[in-house]
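One structure is given here, and the rest of the page talks about it.
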Amino acid sequence: MQMPLETTVLLMVVLVMVDITEGVSCKKTGPCSCETVHGSKIDLSSLQNTDGTPRFPKIEVLGDNSQHYAWNPCVPFTLQGECSNVAACQVQGTGYYDIGEQERVEFLDDGPNIKMHYLTDPSRGTRQLWVELVCDSGTEGNAVGLPENPPGNYHIKLTTKYACAGSISVGSVILLVFFSLLVFYLISGVVFMKFIRKAEGTEIIPNYSFWKSLPFLIKDGFLFIYACITRKQGYQQN
């Protein structure tokens with residue numbers, strides 16, 4: 001039984017939405033590595049120092065010259081004060097404060113990028129560090145500090161090629177093949193209608209009535225995904 005074109009495209013729209021909403025969740029496999037749901041890995045071990053010093057010893061905080069951060073992926077380091085065997089340290093004047101430990105890190109799907117969330121030893125307070133991992137295939141490692149927000153929460157944006165997972169999902173592959181075939185279908189269809197059927201105007205577009213209704217199919221796809229998400233959230237709350 002042949003599937004109507006309208007149904008096929010609607011299914012592809014739904015698949016696009018599912019692939020987008022799936023996000024880039026990453027399961028922790030080590031203190032500086034994780035594996036995505038697609039089977040690809042993020043591994044910052046190439047950025048680590050292994051001699052007890054931080055790879056990024058002085059990360060300037062934008063708009064704040066009174067402090068800086070020190071951070072080392074994977075391996076603990078020691079400076080002064082509270083910063084003994086830590087992953088990250090806040091340095092403010094003569095004060096050194098633990099803002100994250102290697103064994104207390106998790107990887108979170110927070111927006112378009114993965115974030116590493118570090119906690120401190122409870123005996124040292126409740127400070128915590130968020131490191132946003134930004135993929136850039138041409139950058140070895142560039143760390144920028146962001147202002148404390150809210151109080152006790154410190155932020156670093158790391159741009160590096162090691163944050164590039166480098167793999168696409170099965171859904172993305174299916175969509176790539178589908179839309180490649182769709183472009184071929186449209187081009188060959190227009191050529192056939194124009195030069196074989198001698199059609200003119202909108203009649204040269206194969207299945208013109210369907211393409212005219214496409215925006216409504218896309219709307220139906222969005223509504224379907226939205227209904228699924230809200231239904232799932234309702235179950236979780238119950």
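Going by the structure tokens order, chains are called A, B, ..., each with residues numbered from 1, while ligands are numbered from 1 in the order shown.
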| task | Determine which residues of range 88-216 of chain A DSSP labels as alpha helix (DSSP H) from the backbone of this structure, then write them out as a VMD selection string. | result | chain A and resid 170 to 195 208 to 216
| message | For Pro122 in chain A, find every residue with an atom within 12 Å (counting only C-alpha atoms), except residues of its own chain fewer than 2 positions away, and show them as a list in words. | response |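 Listed by chain and then number, they are Asp98, Ile99, Gly100, Glu101, Arg104, Leu119, Thr120, Arg124, Gly125, Thr126, Arg127 and Gln128 of chain A.
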| Just how far from CA of Val75 in chain A is CA of Asp51 in chain A, in Å to one decimal? |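 CA of Asp51 in chain A sits 8.9 Å away from CA of Val75 in chain A.
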| request: Find the spatial neighbours of range 70-73 of chain A, counting only C-alpha atoms, within a cut-off of 8 Å - ignore same-chain residues fewer than 2 positions away - and output them as a list in words. | output: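 Skipping anything fewer than 2 positions along the chain leaves Pro31, Cys32, Leu44, Ser45, Leu47, Gln48, Asn49, Thr53, Pro54, Arg55, Phe56, Pro57, Lys58, Ile59, His68, Val75, Pro76, Phe77, Ala87, Ala88, Cys89, Gln90, Val91 and Gln102 of chain A.
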| said: Using only C-alpha atoms, which protein or nucleic acid residues come within 12 Å of Ser25 in chain A? Drop anything in the same chain fewer than 6 positions from it, and give the result as an NGL selection string. | reply: :A and (34-42 or 106-116 or 165)
| field | In range 79-191 of chain A, DSSP strand (DSSP E or B) residues written as number ranges by chain | value | A: 86, 88-92, 95-100, 105-110, 113-119, 128-135, 142-146, 153-160
| What lies within 8 Å of Gly81 in chain A using only C-alpha atoms, ignoring chain neighbours under 5 positions off, as a list in words? |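 Near Gly81 in chain A, the qualifying residues are Gly95, Tyr96 and Tyr97 of chain A.
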Only N, CA, C and O atoms, please: the residues just picked out, written as a PDB file, in the first residue's frame.
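Below is the file that was written, out-v2.pdb:
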```pdb
ATOM      1  N   GLY A  95      41.879  36.049  48.816  1.00  0.00           N
ATOM      2  CA  GLY A  95      41.046  34.894  49.136  1.00  0.00           C
ATOM      3  C   GLY A  95      41.014  33.866  48.014  1.00  0.00           C
ATOM      4  O   GLY A  95      40.950  34.215  46.829  1.00  0.00           O
ATOM      5  N   TYR A  96      41.085  32.601  48.386  1.00  0.00           N
ATOM      6  CA  TYR A  96      41.004  31.487  47.441  1.00  0.00           C
ATOM      7  C   TYR A  96      39.836  30.598  47.880  1.00  0.00           C
ATOM      8  O   TYR A  96      39.839  30.072  48.999  1.00  0.00           O
ATOM      9  N   TYR A  97      38.855  30.430  46.980  1.00  0.00           N
ATOM     10  CA  TYR A  97      37.632  29.742  47.364  1.00  0.00           C
ATOM     11  C   TYR A  97      37.322  28.590  46.397  1.00  0.00           C
ATOM     12  O   TYR A  97      37.324  28.766  45.169  1.00  0.00           O
TER      13      TYR A  97
END
```
| Shell around range 187-194 of chain A at 8 Å using only C-alpha atoms, local window under 2 positions removed, as a list in words | Val183, Phe184, Tyr185, Ile196, Arg197, Lys198, Ala199, Glu200, Glu203, Ile204, Ile205 and Pro206 of chain A
| task | Provide the CA of Thr230 in chain A to CA of Pro215 in chain A distance in Å, to one decimal place. | result |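 So the two atoms, CA of Thr230 in chain A and CA of Pro215 in chain A, lie 22.6 Å apart.
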Which residues of range 73-136 of chain A sit at most 9 Å from range 159-164 of chain A, using only C-alpha atoms? Give each one's shortest atom pair and distance in Å (one decimal place), in chain and ascending residue order, as a Markdown table.
```
| residue | atom | partner | partner_atom | distance |
| --- | --- | --- | --- | --- |
| A:Ile114 | CA | A:Ala163 | CA | 8.4 |
| A:Glu132 | CA | A:Thr159 | CA | 8.3 |
| A:Leu133 | CA | A:Ala163 | CA | 5.8 |
| A:Val134 | CA | A:Thr159 | CA | 4.6 |
| A:Cys135 | CA | A:Cys164 | CA | 4.8 |
| A:Asp136 | CA | A:Lys161 | CA | 4.9 |
```
Export all heavy atoms of the chosen residues as a short mmCIF file (atom, residue, chain, number, x, y, z; two decimals), in the first residue's frame?
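Okay, this is what ended up in selection.cif:
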```
data_model
loop_
_atom_site.label_atom_id
_atom_site.label_comp_id
_atom_site.auth_asym_id
_atom_site.auth_seq_id
_atom_site.Cartn_x
_atom_site.Cartn_y
_atom_site.Cartn_z
N ILE A 114 25.94 21.76 25.95
CA ILE A 114 26.11 21.00 27.18
C ILE A 114 26.78 21.89 28.23
O ILE A 114 27.65 22.70 27.91
CB ILE A 114 26.98 19.75 26.94
CG1 ILE A 114 26.26 18.78 25.98
CG2 ILE A 114 27.33 19.05 28.24
CD1 ILE A 114 25.03 18.15 26.57
N GLU A 132 29.94 26.21 30.39
CA GLU A 132 29.24 25.97 29.13
C GLU A 132 30.25 25.55 28.06
O GLU A 132 31.26 26.21 27.85
CB GLU A 132 28.51 27.23 28.68
CG GLU A 132 27.72 27.04 27.38
CD GLU A 132 26.96 28.28 26.97
OE1 GLU A 132 27.09 29.32 27.66
OE2 GLU A 132 26.25 28.23 25.94
N LEU A 133 29.95 24.44 27.39
CA LEU A 133 30.86 23.90 26.38
C LEU A 133 30.38 24.31 24.99
O LEU A 133 29.31 23.88 24.54
CB LEU A 133 30.92 22.37 26.48
CG LEU A 133 31.30 21.81 27.86
CD1 LEU A 133 31.31 20.28 27.83
CD2 LEU A 133 32.66 22.35 28.31
N VAL A 134 31.18 25.14 24.33
CA VAL A 134 30.82 25.66 23.01
C VAL A 134 31.74 25.04 21.96
O VAL A 134 32.96 25.13 22.06
CB VAL A 134 30.93 27.19 22.96
CG1 VAL A 134 30.55 27.71 21.59
CG2 VAL A 134 30.07 27.82 24.04
N CYS A 135 31.15 24.41 20.97
CA CYS A 135 31.92 23.74 19.92
C CYS A 135 32.46 24.75 18.91
O CYS A 135 31.73 25.58 18.39
CB CYS A 135 31.03 22.72 19.22
SG CYS A 135 31.71 22.07 17.67
N ASP A 136 33.77 24.67 18.66
CA ASP A 136 34.42 25.44 17.61
C ASP A 136 35.60 24.61 17.12
O ASP A 136 36.60 24.48 17.84
CB ASP A 136 34.88 26.79 18.11
CG ASP A 136 35.47 27.67 17.00
OD1 ASP A 136 35.85 27.12 15.94
OD2 ASP A 136 35.55 28.89 17.18
#
```
| said: Can you measure CA of Tyr118 in chain A to CA of Gly138 in chain A for me? One decimal in Å is fine. | reply: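 Going from CA of Tyr118 in chain A over to CA of Gly138 in chain A covers 26.4 Å.
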